[in-house]
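Structure first, then comments.
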Amino acid sequence: MRNRFDQLAKQIGKAALEGSGLTVVHAEITPEPLHADLLHEPDPAKAAERKRLGLLGRLVSMPCLLEPYSDAPSAEEFRACLAKHIAWWQQRARQQRADGKKSEERPRRKPVDPFLWILCGGAPSSILTKLTLKATSEWPAGVYLFADDVLRVGFVVASELPRERTTLLVRLMAAGSALPQAIEDLHALPRDAYERSAVERPLLHFQSAVAQQPTRTPDEQEFLNTMLKTWEETFAEGETKGRIDNAAEYILDVLHARGIAVPATARKRILTQKDPKQLKIWIRKAAVAESVDDLFKSRS
């Protein structure tokens with residue numbers, strides 16, 4: 001794990017992609033012990049599931065590796081990604097030849113060559129310049145391709161992507177400077193939006209883990225501040241419109257997303273609470289509580 005945000009990217013990617021094909025986190029690539037951050041084999045029958053992923057769905061429409069970096073990757077890190085990509089490509093070719101020998105009586109379909117996508121929080125300016133990576137009208141701004149079908153490599157720079165719903169999942173995964181806006185965009189979606197159901201649990205688990213760390217990087221602290229800010233704005237909006245019940249439901253949603261069991265008595269206590277000040281305290285606690293009992297401890 002390069003840093004905590006890279007772990008978040010793996011969790012979001014796994015949660016978002018599990019409905020559209022086989023996704024393996026920290027996938028081992030033989031013969032040497034190389035590990036891809038995310039390896040995805042799309043299920044041909046699940047094109048509809050990929051479509052709702054927006055840009056992420058387009059990236060994974062073919063077998064691919066996803067390597068997220070919350071910062072701009074270095075040349076050494078790029079070479080490491082390329083080594084995994086080529087090793088997996090060769091591994092797939094060996095497997096396809098072996099499968100072909102076992103079923104020579106059946107017509108062979110041309111194998112789909114894999115792609116390497118490097119998701120960057122910031123632009124790797126030196127790499128983009130030295131490798132002469134090119135943008136293309138077929139992809140949104142922020143997507144750069146390299147070496148055509150010889151290497152099949154692409155960089156996705158989150159900070160340059162359009163701030164649209166279609167790019168939201170990629171911006172969340174890549175983190176970096178685009179992450180605060182991406183979190184705000186996520187909270188602006190309807191409560192039943194697929195993106196929210198896919199990534200809220202990884203985000204909340206990550207928030208809990210970061211909040212419990214004795215020291216934090218500036219980016220991690222900004223992440224915590226943004227998460228709390230969006231929750232409080234949601235609460236304030238509901239309070240202004242007289243929808244206090246929405247705050248209680250939101251607390252339950254957060255606890256559920258984090259996998260914390262809420263007994264009937266605790267659920268009733270949350271839903272019947274009408275004091276905005278107390279609800280605001282519980283909203284803060286819900287993101288870091290280890291159990292529902294922690295929510296009700298007197299310390300605010």
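A note on labels: chains of the structure tokens are A, B, ... as shown, every chain counts residues from 1, and ligands are counted from 1 in their shown order.
With only C-alpha atoms taken into account, the protein and nucleic acid residues at most 7 Å from A:Ala27 (excluding it and anything under 4 positions from it in its own chain) are His35, Ala36, Asp37, Leu38 and Leu39 of chain A.
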Based on the backbone DSSP call, show me all residues of stretch 170-250 of chain A assigned alpha helix (DSSP H), as a PDB file with N, CA, C and O atoms, in the first residue's frame.
```
ATOM      1  N   VAL A 170     -14.341   7.521 -10.766  1.00  0.00           N
ATOM      2  CA  VAL A 170     -12.902   7.615 -11.024  1.00  0.00           C
ATOM      3  C   VAL A 170     -12.280   8.704 -10.154  1.00  0.00           C
ATOM      4  O   VAL A 170     -11.193   8.515  -9.595  1.00  0.00           O
ATOM      5  N   ARG A 171     -12.956   9.828 -10.002  1.00  0.00           N
ATOM      6  CA  ARG A 171     -12.411  10.898  -9.163  1.00  0.00           C
ATOM      7  C   ARG A 171     -12.310  10.468  -7.703  1.00  0.00           C
ATOM      8  O   ARG A 171     -11.380  10.850  -6.990  1.00  0.00           O
ATOM      9  N   LEU A 172     -13.259   9.675  -7.242  1.00  0.00           N
ATOM     10  CA  LEU A 172     -13.193   9.150  -5.870  1.00  0.00           C
ATOM     11  C   LEU A 172     -12.029   8.184  -5.710  1.00  0.00           C
ATOM     12  O   LEU A 172     -11.318   8.205  -4.701  1.00  0.00           O
ATOM     13  N   MET A 173     -11.823   7.336  -6.703  1.00  0.00           N
ATOM     14  CA  MET A 173     -10.743   6.364  -6.611  1.00  0.00           C
ATOM     15  C   MET A 173      -9.368   7.025  -6.661  1.00  0.00           C
ATOM     16  O   MET A 173      -8.462   6.640  -5.921  1.00  0.00           O
ATOM     17  N   ALA A 174      -9.211   8.008  -7.541  1.00  0.00           N
ATOM     18  CA  ALA A 174      -7.907   8.633  -7.715  1.00  0.00           C
ATOM     19  C   ALA A 174      -7.556   9.573  -6.569  1.00  0.00           C
ATOM     20  O   ALA A 174      -6.382   9.877  -6.353  1.00  0.00           O
ATOM     21  N   LEU A 179     -10.593  14.907  -4.754  1.00  0.00           N
ATOM     22  CA  LEU A 179     -11.412  14.126  -3.830  1.00  0.00           C
ATOM     23  C   LEU A 179     -12.451  14.951  -3.071  1.00  0.00           C
ATOM     24  O   LEU A 179     -13.612  14.527  -2.982  1.00  0.00           O
ATOM     25  N   PRO A 180     -12.111  16.119  -2.500  1.00  0.00           N
ATOM     26  CA  PRO A 180     -13.143  16.874  -1.772  1.00  0.00           C
ATOM     27  C   PRO A 180     -14.366  17.197  -2.630  1.00  0.00           C
ATOM     28  O   PRO A 180     -15.505  17.019  -2.184  1.00  0.00           O
ATOM     29  N   GLN A 181     -14.147  17.648  -3.864  1.00  0.00           N
ATOM     30  CA  GLN A 181     -15.278  17.937  -4.755  1.00  0.00           C
ATOM     31  C   GLN A 181     -16.055  16.669  -5.075  1.00  0.00           C
ATOM     32  O   GLN A 181     -17.290  16.696  -5.163  1.00  0.00           O
ATOM     33  N   ALA A 182     -15.333  15.562  -5.246  1.00  0.00           N
ATOM     34  CA  ALA A 182     -16.002  14.301  -5.564  1.00  0.00           C
ATOM     35  C   ALA A 182     -16.908  13.861  -4.420  1.00  0.00           C
ATOM     36  O   ALA A 182     -18.021  13.362  -4.641  1.00  0.00           O
ATOM     37  N   ILE A 183     -16.462  14.053  -3.181  1.00  0.00           N
ATOM     38  CA  ILE A 183     -17.291  13.694  -2.014  1.00  0.00           C
ATOM     39  C   ILE A 183     -18.529  14.578  -1.962  1.00  0.00           C
ATOM     40  O   ILE A 183     -19.641  14.103  -1.695  1.00  0.00           O
ATOM     41  N   GLU A 184     -18.351  15.862  -2.231  1.00  0.00           N
ATOM     42  CA  GLU A 184     -19.504  16.763  -2.265  1.00  0.00           C
ATOM     43  C   GLU A 184     -20.490  16.343  -3.354  1.00  0.00           C
ATOM     44  O   GLU A 184     -21.714  16.358  -3.139  1.00  0.00           O
ATOM     45  N   ASP A 185     -19.973  15.965  -4.528  1.00  0.00           N
ATOM     46  CA  ASP A 185     -20.840  15.529  -5.623  1.00  0.00           C
ATOM     47  C   ASP A 185     -21.572  14.237  -5.259  1.00  0.00           C
ATOM     48  O   ASP A 185     -22.735  14.042  -5.635  1.00  0.00           O
ATOM     49  N   LEU A 186     -20.902  13.364  -4.543  1.00  0.00           N
ATOM     50  CA  LEU A 186     -21.528  12.111  -4.116  1.00  0.00           C
ATOM     51  C   LEU A 186     -22.700  12.390  -3.189  1.00  0.00           C
ATOM     52  O   LEU A 186     -23.787  11.821  -3.348  1.00  0.00           O
ATOM     53  N   HIS A 187     -22.518  13.271  -2.226  1.00  0.00           N
ATOM     54  CA  HIS A 187     -23.581  13.595  -1.271  1.00  0.00           C
ATOM     55  C   HIS A 187     -24.739  14.337  -1.930  1.00  0.00           C
ATOM     56  O   HIS A 187     -25.849  14.336  -1.398  1.00  0.00           O
ATOM     57  N   ALA A 188     -24.485  14.949  -3.076  1.00  0.00           N
ATOM     58  CA  ALA A 188     -25.556  15.667  -3.775  1.00  0.00           C
ATOM     59  C   ALA A 188     -26.462  14.726  -4.564  1.00  0.00           C
ATOM     60  O   ALA A 188     -27.544  15.128  -4.992  1.00  0.00           O
ATOM     61  N   TYR A 194     -26.864   4.685  -7.453  1.00  0.00           N
ATOM     62  CA  TYR A 194     -25.979   3.515  -7.423  1.00  0.00           C
ATOM     63  C   TYR A 194     -24.614   3.882  -6.854  1.00  0.00           C
ATOM     64  O   TYR A 194     -24.022   3.113  -6.081  1.00  0.00           O
ATOM     65  N   GLU A 195     -24.087   5.037  -7.227  1.00  0.00           N
ATOM     66  CA  GLU A 195     -22.762   5.435  -6.751  1.00  0.00           C
ATOM     67  C   GLU A 195     -22.705   5.470  -5.227  1.00  0.00           C
ATOM     68  O   GLU A 195     -21.700   5.068  -4.622  1.00  0.00           O
ATOM     69  N   ARG A 196     -23.782   5.958  -4.602  1.00  0.00           N
ATOM     70  CA  ARG A 196     -23.790   6.033  -3.142  1.00  0.00           C
ATOM     71  C   ARG A 196     -23.801   4.640  -2.530  1.00  0.00           C
ATOM     72  O   ARG A 196     -23.050   4.356  -1.588  1.00  0.00           O
ATOM     73  N   SER A 197     -24.629   3.768  -3.054  1.00  0.00           N
ATOM     74  CA  SER A 197     -24.695   2.420  -2.495  1.00  0.00           C
ATOM     75  C   SER A 197     -23.386   1.665  -2.703  1.00  0.00           C
ATOM     76  O   SER A 197     -23.018   0.810  -1.900  1.00  0.00           O
ATOM     77  N   ALA A 198     -22.662   2.003  -3.780  1.00  0.00           N
ATOM     78  CA  ALA A 198     -21.419   1.289  -4.089  1.00  0.00           C
ATOM     79  C   ALA A 198     -20.251   1.739  -3.227  1.00  0.00           C
ATOM     80  O   ALA A 198     -19.429   0.911  -2.820  1.00  0.00           O
ATOM     81  N   VAL A 199     -20.161   3.045  -2.932  1.00  0.00           N
ATOM     82  CA  VAL A 199     -18.912   3.539  -2.331  1.00  0.00           C
ATOM     83  C   VAL A 199     -19.055   4.111  -0.927  1.00  0.00           C
ATOM     84  O   VAL A 199     -18.037   4.394  -0.287  1.00  0.00           O
ATOM     85  N   GLU A 200     -20.261   4.290  -0.417  1.00  0.00           N
ATOM     86  CA  GLU A 200     -20.371   4.901   0.906  1.00  0.00           C
ATOM     87  C   GLU A 200     -19.735   4.038   1.992  1.00  0.00           C
ATOM     88  O   GLU A 200     -19.100   4.555   2.906  1.00  0.00           O
ATOM     89  N   ARG A 201     -19.907   2.719   1.891  1.00  0.00           N
ATOM     90  CA  ARG A 201     -19.297   1.868   2.920  1.00  0.00           C
ATOM     91  C   ARG A 201     -17.774   1.982   2.921  1.00  0.00           C
ATOM     92  O   ARG A 201     -17.178   2.191   3.989  1.00  0.00           O
ATOM     93  N   PRO A 202     -17.073   1.862   1.754  1.00  0.00           N
ATOM     94  CA  PRO A 202     -15.619   2.065   1.781  1.00  0.00           C
ATOM     95  C   PRO A 202     -15.211   3.443   2.295  1.00  0.00           C
ATOM     96  O   PRO A 202     -14.241   3.568   3.044  1.00  0.00           O
ATOM     97  N   LEU A 203     -15.952   4.482   1.920  1.00  0.00           N
ATOM     98  CA  LEU A 203     -15.621   5.826   2.387  1.00  0.00           C
ATOM     99  C   LEU A 203     -15.754   5.932   3.907  1.00  0.00           C
ATOM    100  O   LEU A 203     -14.895   6.510   4.586  1.00  0.00           O
ATOM    101  N   LEU A 204     -16.824   5.373   4.449  1.00  0.00           N
ATOM    102  CA  LEU A 204     -17.053   5.463   5.890  1.00  0.00           C
ATOM    103  C   LEU A 204     -16.050   4.624   6.672  1.00  0.00           C
ATOM    104  O   LEU A 204     -15.575   5.039   7.734  1.00  0.00           O
ATOM    105  N   HIS A 205     -15.715   3.448   6.156  1.00  0.00           N
ATOM    106  CA  HIS A 205     -14.685   2.641   6.811  1.00  0.00           C
ATOM    107  C   HIS A 205     -13.345   3.370   6.788  1.00  0.00           C
ATOM    108  O   HIS A 205     -12.599   3.367   7.775  1.00  0.00           O
ATOM    109  N   PHE A 206     -13.056   4.010   5.647  1.00  0.00           N
ATOM    110  CA  PHE A 206     -11.804   4.744   5.532  1.00  0.00           C
ATOM    111  C   PHE A 206     -11.793   5.935   6.479  1.00  0.00           C
ATOM    112  O   PHE A 206     -10.784   6.219   7.132  1.00  0.00           O
ATOM    113  N   GLN A 207     -12.916   6.640   6.586  1.00  0.00           N
ATOM    114  CA  GLN A 207     -13.002   7.771   7.498  1.00  0.00           C
ATOM    115  C   GLN A 207     -12.757   7.314   8.936  1.00  0.00           C
ATOM    116  O   GLN A 207     -12.028   7.968   9.691  1.00  0.00           O
ATOM    117  N   SER A 208     -13.354   6.203   9.302  1.00  0.00           N
ATOM    118  CA  SER A 208     -13.165   5.688  10.659  1.00  0.00           C
ATOM    119  C   SER A 208     -11.699   5.353  10.913  1.00  0.00           C
ATOM    120  O   SER A 208     -11.151   5.682  11.968  1.00  0.00           O
ATOM    121  N   ALA A 209     -11.050   4.700   9.936  1.00  0.00           N
ATOM    122  CA  ALA A 209      -9.646   4.320  10.095  1.00  0.00           C
ATOM    123  C   ALA A 209      -8.749   5.544  10.205  1.00  0.00           C
ATOM    124  O   ALA A 209      -7.853   5.606  11.067  1.00  0.00           O
ATOM    125  N   VAL A 210      -8.981   6.545   9.356  1.00  0.00           N
ATOM    126  CA  VAL A 210      -8.145   7.747   9.379  1.00  0.00           C
ATOM    127  C   VAL A 210      -8.366   8.538  10.679  1.00  0.00           C
ATOM    128  O   VAL A 210      -7.422   9.052  11.274  1.00  0.00           O
ATOM    129  N   ALA A 211      -9.621   8.610  11.119  1.00  0.00           N
ATOM    130  CA  ALA A 211      -9.933   9.373  12.331  1.00  0.00           C
ATOM    131  C   ALA A 211      -9.242   8.797  13.563  1.00  0.00           C
ATOM    132  O   ALA A 211      -8.949   9.525  14.521  1.00  0.00           O
ATOM    133  N   PRO A 218      -1.860  16.184   5.654  1.00  0.00           N
ATOM    134  CA  PRO A 218      -2.819  17.253   5.312  1.00  0.00           C
ATOM    135  C   PRO A 218      -3.961  16.769   4.434  1.00  0.00           C
ATOM    136  O   PRO A 218      -5.112  17.183   4.616  1.00  0.00           O
ATOM    137  N   ASP A 219      -3.673  15.884   3.485  1.00  0.00           N
ATOM    138  CA  ASP A 219      -4.731  15.360   2.612  1.00  0.00           C
ATOM    139  C   ASP A 219      -5.734  14.538   3.405  1.00  0.00           C
ATOM    140  O   ASP A 219      -6.946  14.589   3.145  1.00  0.00           O
ATOM    141  N   GLU A 220      -5.247  13.754   4.362  1.00  0.00           N
ATOM    142  CA  GLU A 220      -6.149  12.940   5.184  1.00  0.00           C
ATOM    143  C   GLU A 220      -7.029  13.825   6.066  1.00  0.00           C
ATOM    144  O   GLU A 220      -8.222  13.563   6.232  1.00  0.00           O
ATOM    145  N   GLN A 221      -6.441  14.888   6.606  1.00  0.00           N
ATOM    146  CA  GLN A 221      -7.235  15.794   7.428  1.00  0.00           C
ATOM    147  C   GLN A 221      -8.281  16.512   6.584  1.00  0.00           C
ATOM    148  O   GLN A 221      -9.424  16.702   7.021  1.00  0.00           O
ATOM    149  N   GLU A 222      -7.922  16.884   5.371  1.00  0.00           N
ATOM    150  CA  GLU A 222      -8.887  17.532   4.486  1.00  0.00           C
ATOM    151  C   GLU A 222     -10.020  16.567   4.134  1.00  0.00           C
ATOM    152  O   GLU A 222     -11.185  16.965   4.043  1.00  0.00           O
ATOM    153  N   PHE A 223      -9.684  15.302   3.950  1.00  0.00           N
ATOM    154  CA  PHE A 223     -10.705  14.285   3.684  1.00  0.00           C
ATOM    155  C   PHE A 223     -11.693  14.217   4.850  1.00  0.00           C
ATOM    156  O   PHE A 223     -12.917  14.226   4.642  1.00  0.00           O
ATOM    157  N   LEU A 224     -11.185  14.151   6.080  1.00  0.00           N
ATOM    158  CA  LEU A 224     -12.071  14.105   7.250  1.00  0.00           C
ATOM    159  C   LEU A 224     -12.940  15.352   7.325  1.00  0.00           C
ATOM    160  O   LEU A 224     -14.153  15.273   7.590  1.00  0.00           O
ATOM    161  N   ASN A 225     -12.340  16.503   7.108  1.00  0.00           N
ATOM    162  CA  ASN A 225     -13.093  17.757   7.173  1.00  0.00           C
ATOM    163  C   ASN A 225     -14.197  17.796   6.118  1.00  0.00           C
ATOM    164  O   ASN A 225     -15.315  18.264   6.390  1.00  0.00           O
ATOM    165  N   THR A 226     -13.888  17.321   4.919  1.00  0.00           N
ATOM    166  CA  THR A 226     -14.884  17.337   3.841  1.00  0.00           C
ATOM    167  C   THR A 226     -16.033  16.396   4.144  1.00  0.00           C
ATOM    168  O   THR A 226     -17.204  16.738   3.926  1.00  0.00           O
ATOM    169  N   MET A 227     -15.730  15.200   4.641  1.00  0.00           N
ATOM    170  CA  MET A 227     -16.782  14.243   4.988  1.00  0.00           C
ATOM    171  C   MET A 227     -17.714  14.842   6.041  1.00  0.00           C
ATOM    172  O   MET A 227     -18.944  14.790   5.916  1.00  0.00           O
ATOM    173  N   LEU A 228     -17.135  15.421   7.078  1.00  0.00           N
ATOM    174  CA  LEU A 228     -17.944  15.998   8.150  1.00  0.00           C
ATOM    175  C   LEU A 228     -18.748  17.190   7.647  1.00  0.00           C
ATOM    176  O   LEU A 228     -19.926  17.358   7.987  1.00  0.00           O
ATOM    177  N   LYS A 229     -18.128  18.021   6.810  1.00  0.00           N
ATOM    178  CA  LYS A 229     -18.803  19.204   6.275  1.00  0.00           C
ATOM    179  C   LYS A 229     -20.033  18.811   5.461  1.00  0.00           C
ATOM    180  O   LYS A 229     -21.102  19.415   5.601  1.00  0.00           O
ATOM    181  N   THR A 230     -19.892  17.811   4.605  1.00  0.00           N
ATOM    182  CA  THR A 230     -21.027  17.417   3.772  1.00  0.00           C
ATOM    183  C   THR A 230     -22.155  16.847   4.615  1.00  0.00           C
ATOM    184  O   THR A 230     -23.331  17.083   4.338  1.00  0.00           O
ATOM    185  N   TRP A 231     -21.820  16.099   5.657  1.00  0.00           N
ATOM    186  CA  TRP A 231     -22.855  15.553   6.542  1.00  0.00           C
ATOM    187  C   TRP A 231     -23.595  16.674   7.256  1.00  0.00           C
ATOM    188  O   TRP A 231     -24.808  16.676   7.374  1.00  0.00           O
ATOM    189  N   GLU A 232     -22.824  17.641   7.760  1.00  0.00           N
ATOM    190  CA  GLU A 232     -23.454  18.725   8.510  1.00  0.00           C
ATOM    191  C   GLU A 232     -24.303  19.599   7.596  1.00  0.00           C
ATOM    192  O   GLU A 232     -25.347  20.115   8.010  1.00  0.00           O
ATOM    193  N   GLU A 233     -23.874  19.775   6.362  1.00  0.00           N
ATOM    194  CA  GLU A 233     -24.688  20.546   5.420  1.00  0.00           C
ATOM    195  C   GLU A 233     -25.984  19.810   5.105  1.00  0.00           C
ATOM    196  O   GLU A 233     -27.053  20.437   4.994  1.00  0.00           O
ATOM    197  N   THR A 234     -25.894  18.495   4.965  1.00  0.00           N
ATOM    198  CA  THR A 234     -27.104  17.699   4.738  1.00  0.00           C
ATOM    199  C   THR A 234     -28.047  17.815   5.914  1.00  0.00           C
ATOM    200  O   THR A 234     -29.264  17.978   5.770  1.00  0.00           O
ATOM    201  N   PHE A 235     -27.482  17.763   7.116  1.00  0.00           N
ATOM    202  CA  PHE A 235     -28.284  17.896   8.330  1.00  0.00           C
ATOM    203  C   PHE A 235     -28.926  19.279   8.414  1.00  0.00           C
ATOM    204  O   PHE A 235     -30.115  19.416   8.710  1.00  0.00           O
ATOM    205  N   ALA A 236     -28.142  20.323   8.141  1.00  0.00           N
ATOM    206  CA  ALA A 236     -28.651  21.690   8.232  1.00  0.00           C
ATOM    207  C   ALA A 236     -29.773  21.931   7.231  1.00  0.00           C
ATOM    208  O   ALA A 236     -30.765  22.599   7.532  1.00  0.00           O
ATOM    209  N   GLU A 237     -29.614  21.363   6.026  1.00  0.00           N
ATOM    210  CA  GLU A 237     -30.654  21.517   5.015  1.00  0.00           C
ATOM    211  C   GLU A 237     -31.953  20.855   5.473  1.00  0.00           C
ATOM    212  O   GLU A 237     -33.043  21.410   5.340  1.00  0.00           O
ATOM    213  N   GLY A 238     -31.829  19.667   6.042  1.00  0.00           N
ATOM    214  CA  GLY A 238     -33.017  18.977   6.541  1.00  0.00           C
ATOM    215  C   GLY A 238     -33.662  19.724   7.697  1.00  0.00           C
ATOM    216  O   GLY A 238     -34.889  19.815   7.793  1.00  0.00           O
ATOM    217  N   GLU A 239     -32.823  20.284   8.574  1.00  0.00           N
ATOM    218  CA  GLU A 239     -33.345  21.028   9.717  1.00  0.00           C
ATOM    219  C   GLU A 239     -34.094  22.272   9.241  1.00  0.00           C
ATOM    220  O   GLU A 239     -35.174  22.601   9.752  1.00  0.00           O
ATOM    221  N   THR A 240     -33.537  22.966   8.240  1.00  0.00           N
ATOM    222  CA  THR A 240     -34.177  24.168   7.710  1.00  0.00           C
ATOM    223  C   THR A 240     -35.550  23.859   7.119  1.00  0.00           C
ATOM    224  O   THR A 240     -36.500  24.628   7.250  1.00  0.00           O
ATOM    225  N   ILE A 244     -36.301  16.803  10.359  1.00  0.00           N
ATOM    226  CA  ILE A 244     -35.403  16.254  11.363  1.00  0.00           C
ATOM    227  C   ILE A 244     -35.335  14.737  11.249  1.00  0.00           C
ATOM    228  O   ILE A 244     -34.297  14.119  11.487  1.00  0.00           O
ATOM    229  N   ASP A 245     -36.455  14.118  10.866  1.00  0.00           N
ATOM    230  CA  ASP A 245     -36.458  12.665  10.735  1.00  0.00           C
ATOM    231  C   ASP A 245     -35.400  12.190   9.745  1.00  0.00           C
ATOM    232  O   ASP A 245     -34.853  11.091   9.884  1.00  0.00           O
ATOM    233  N   ASN A 246     -35.091  13.015   8.729  1.00  0.00           N
ATOM    234  CA  ASN A 246     -34.079  12.636   7.754  1.00  0.00           C
ATOM    235  C   ASN A 246     -32.706  12.470   8.396  1.00  0.00           C
ATOM    236  O   ASN A 246     -31.910  11.629   7.973  1.00  0.00           O
ATOM    237  N   ALA A 247     -32.422  13.295   9.417  1.00  0.00           N
ATOM    238  CA  ALA A 247     -31.140  13.191  10.106  1.00  0.00           C
ATOM    239  C   ALA A 247     -31.029  11.857  10.823  1.00  0.00           C
ATOM    240  O   ALA A 247     -29.980  11.204  10.790  1.00  0.00           O
ATOM    241  N   ALA A 248     -32.100  11.433  11.469  1.00  0.00           N
ATOM    242  CA  ALA A 248     -32.092  10.145  12.161  1.00  0.00           C
ATOM    243  C   ALA A 248     -31.908   8.999  11.166  1.00  0.00           C
ATOM    244  O   ALA A 248     -31.146   8.061  11.415  1.00  0.00           O
ATOM    245  N   GLU A 249     -32.596   9.079  10.034  1.00  0.00           N
ATOM    246  CA  GLU A 249     -32.452   8.045   9.015  1.00  0.00           C
ATOM    247  C   GLU A 249     -31.029   8.024   8.461  1.00  0.00           C
ATOM    248  O   GLU A 249     -30.464   6.955   8.178  1.00  0.00           O
ATOM    249  N   TYR A 250     -30.443   9.197   8.348  1.00  0.00           N
ATOM    250  CA  TYR A 250     -29.081   9.282   7.832  1.00  0.00           C
ATOM    251  C   TYR A 250     -28.096   8.609   8.788  1.00  0.00           C
ATOM    252  O   TYR A 250     -27.171   7.910   8.369  1.00  0.00           O
TER     253      TYR A 250
END
```
Taking the DSSP assignment computed from this structure's backbone, write out as a list in words all residues of stretch 92-299 of chain A that belong to strand (DSSP E). Phe115, Leu116, Trp117, Ile118, Leu119, Cys120, Lys134, Ala135, Val143, Tyr144, Leu145, Phe146, Val153, Gly154, Phe155, Val156 and Val157 of chain A
Keeping only N, CA, C and O atoms, write those residues as an mmCIF file, in the first residue's frame.
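Wrote it out as again_33.cif, contents follow:
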```cif
data_model
loop_
_atom_site.group_PDB
_atom_site.id
_atom_site.type_symbol
_atom_site.label_atom_id
_atom_site.label_comp_id
_atom_site.auth_asym_id
_atom_site.auth_seq_id
_atom_site.Cartn_x
_atom_site.Cartn_y
_atom_site.Cartn_z
ATOM 1 N N PHE A 115 -5.604 -4.036 -20.994
ATOM 2 C CA PHE A 115 -5.248 -2.619 -20.962
ATOM 3 C C PHE A 115 -4.741 -2.281 -19.565
ATOM 4 O O PHE A 115 -5.162 -2.890 -18.573
ATOM 5 N N LEU A 116 -3.858 -1.317 -19.480
ATOM 6 C CA LEU A 116 -3.379 -0.793 -18.198
ATOM 7 C C LEU A 116 -3.883 0.633 -18.051
ATOM 8 O O LEU A 116 -3.589 1.491 -18.884
ATOM 9 N N TRP A 117 -4.651 0.879 -16.976
ATOM 10 C CA TRP A 117 -5.107 2.226 -16.664
ATOM 11 C C TRP A 117 -4.449 2.681 -15.363
ATOM 12 O O TRP A 117 -4.584 2.020 -14.327
ATOM 13 N N ILE A 118 -3.738 3.802 -15.429
ATOM 14 C CA ILE A 118 -3.122 4.386 -14.245
ATOM 15 C C ILE A 118 -3.959 5.604 -13.857
ATOM 16 O O ILE A 118 -4.042 6.580 -14.616
ATOM 17 N N LEU A 119 -4.598 5.531 -12.695
ATOM 18 C CA LEU A 119 -5.452 6.611 -12.210
ATOM 19 C C LEU A 119 -4.626 7.517 -11.310
ATOM 20 O O LEU A 119 -4.071 7.063 -10.308
ATOM 21 N N CYS A 120 -4.554 8.801 -11.648
ATOM 22 C CA CYS A 120 -3.678 9.730 -10.931
ATOM 23 C C CYS A 120 -4.492 10.850 -10.294
ATOM 24 O O CYS A 120 -5.342 11.456 -10.957
ATOM 25 N N LYS A 134 -0.910 11.294 -25.399
ATOM 26 C CA LYS A 134 -1.815 12.151 -26.154
ATOM 27 C C LYS A 134 -3.256 12.029 -25.664
ATOM 28 O O LYS A 134 -3.727 10.938 -25.350
ATOM 29 N N ALA A 135 -3.916 13.180 -25.598
ATOM 30 C CA ALA A 135 -5.357 13.187 -25.350
ATOM 31 C C ALA A 135 -6.059 12.834 -26.655
ATOM 32 O O ALA A 135 -5.496 12.970 -27.746
ATOM 33 N N VAL A 143 -7.839 12.213 -19.902
ATOM 34 C CA VAL A 143 -7.480 10.840 -20.280
ATOM 35 C C VAL A 143 -6.408 10.908 -21.373
ATOM 36 O O VAL A 143 -6.599 11.567 -22.401
ATOM 37 N N TYR A 144 -5.282 10.228 -21.133
ATOM 38 C CA TYR A 144 -4.169 10.232 -22.071
ATOM 39 C C TYR A 144 -3.795 8.797 -22.426
ATOM 40 O O TYR A 144 -3.723 7.932 -21.550
ATOM 41 N N LEU A 145 -3.527 8.542 -23.705
ATOM 42 C CA LEU A 145 -3.201 7.205 -24.171
ATOM 43 C C LEU A 145 -1.740 7.135 -24.622
ATOM 44 O O LEU A 145 -1.163 8.128 -25.062
ATOM 45 N N PHE A 146 -1.182 5.922 -24.524
ATOM 46 C CA PHE A 146 0.242 5.739 -24.818
ATOM 47 C C PHE A 146 0.462 4.460 -25.619
ATOM 48 O O PHE A 146 -0.065 3.397 -25.276
ATOM 49 N N VAL A 153 -1.786 1.372 -22.944
ATOM 50 C CA VAL A 153 -1.647 2.031 -21.642
ATOM 51 C C VAL A 153 -2.379 3.357 -21.674
ATOM 52 O O VAL A 153 -2.349 4.075 -22.679
ATOM 53 N N GLY A 154 -3.041 3.693 -20.578
ATOM 54 C CA GLY A 154 -3.699 4.990 -20.467
ATOM 55 C C GLY A 154 -3.519 5.584 -19.081
ATOM 56 O O GLY A 154 -3.457 4.856 -18.084
ATOM 57 N N PHE A 155 -3.389 6.900 -19.038
ATOM 58 C CA PHE A 155 -3.366 7.649 -17.773
ATOM 59 C C PHE A 155 -4.688 8.410 -17.651
ATOM 60 O O PHE A 155 -5.166 8.989 -18.632
ATOM 61 N N VAL A 156 -5.260 8.419 -16.459
ATOM 62 C CA VAL A 156 -6.462 9.205 -16.191
ATOM 63 C C VAL A 156 -6.128 10.154 -15.049
ATOM 64 O O VAL A 156 -5.892 9.719 -13.919
ATOM 65 N N VAL A 157 -6.101 11.449 -15.345
ATOM 66 C CA VAL A 157 -5.733 12.468 -14.357
ATOM 67 C C VAL A 157 -7.014 13.040 -13.764
ATOM 68 O O VAL A 157 -7.743 13.795 -14.429
#
```
Atom CA of A:Gly19 sits from atom CA of A:Ser291 at a separation of 29.1 Å
- Task: Just the residues within 9 Å of A:Asn3, please, counting only C-alpha atoms, with nothing from its chain fewer than 2 positions along; format it as a PyMOL selection string.
- Result: chain A and resi 1+5-7+69-70
Residue neighbourhood A:Ser125, 10 Å, only C-alpha atoms, exclusion window fewer than 5 positions, as a VMD selection string:
chain A and resid 72 to 74 130
Just to be explicit: take each residue in the selection above, keep N, CA, C and O atoms, and write the result as a short mmCIF file (atom, residue, chain, number, x, y, z; two decimals), in the first residue's frame.
```
data_model
loop_
_atom_site.label_atom_id
_atom_site.label_comp_id
_atom_site.auth_asym_id
_atom_site.auth_seq_id
_atom_site.Cartn_x
_atom_site.Cartn_y
_atom_site.Cartn_z
N ALA A 72 0.84 12.15 -8.24
CA ALA A 72 1.35 11.80 -9.57
C ALA A 72 2.41 10.70 -9.42
O ALA A 72 3.33 10.83 -8.62
N PRO A 73 2.29 9.59 -10.16
CA PRO A 73 3.28 8.52 -10.04
C PRO A 73 4.63 8.95 -10.60
O PRO A 73 4.72 9.75 -11.53
N SER A 74 5.69 8.39 -10.02
CA SER A 74 7.03 8.66 -10.51
C SER A 74 7.34 7.75 -11.70
O SER A 74 6.59 6.82 -12.01
N LYS A 130 7.63 13.34 -21.53
CA LYS A 130 8.68 12.49 -22.07
C LYS A 130 8.15 11.33 -22.90
O LYS A 130 8.79 10.90 -23.87
#
```
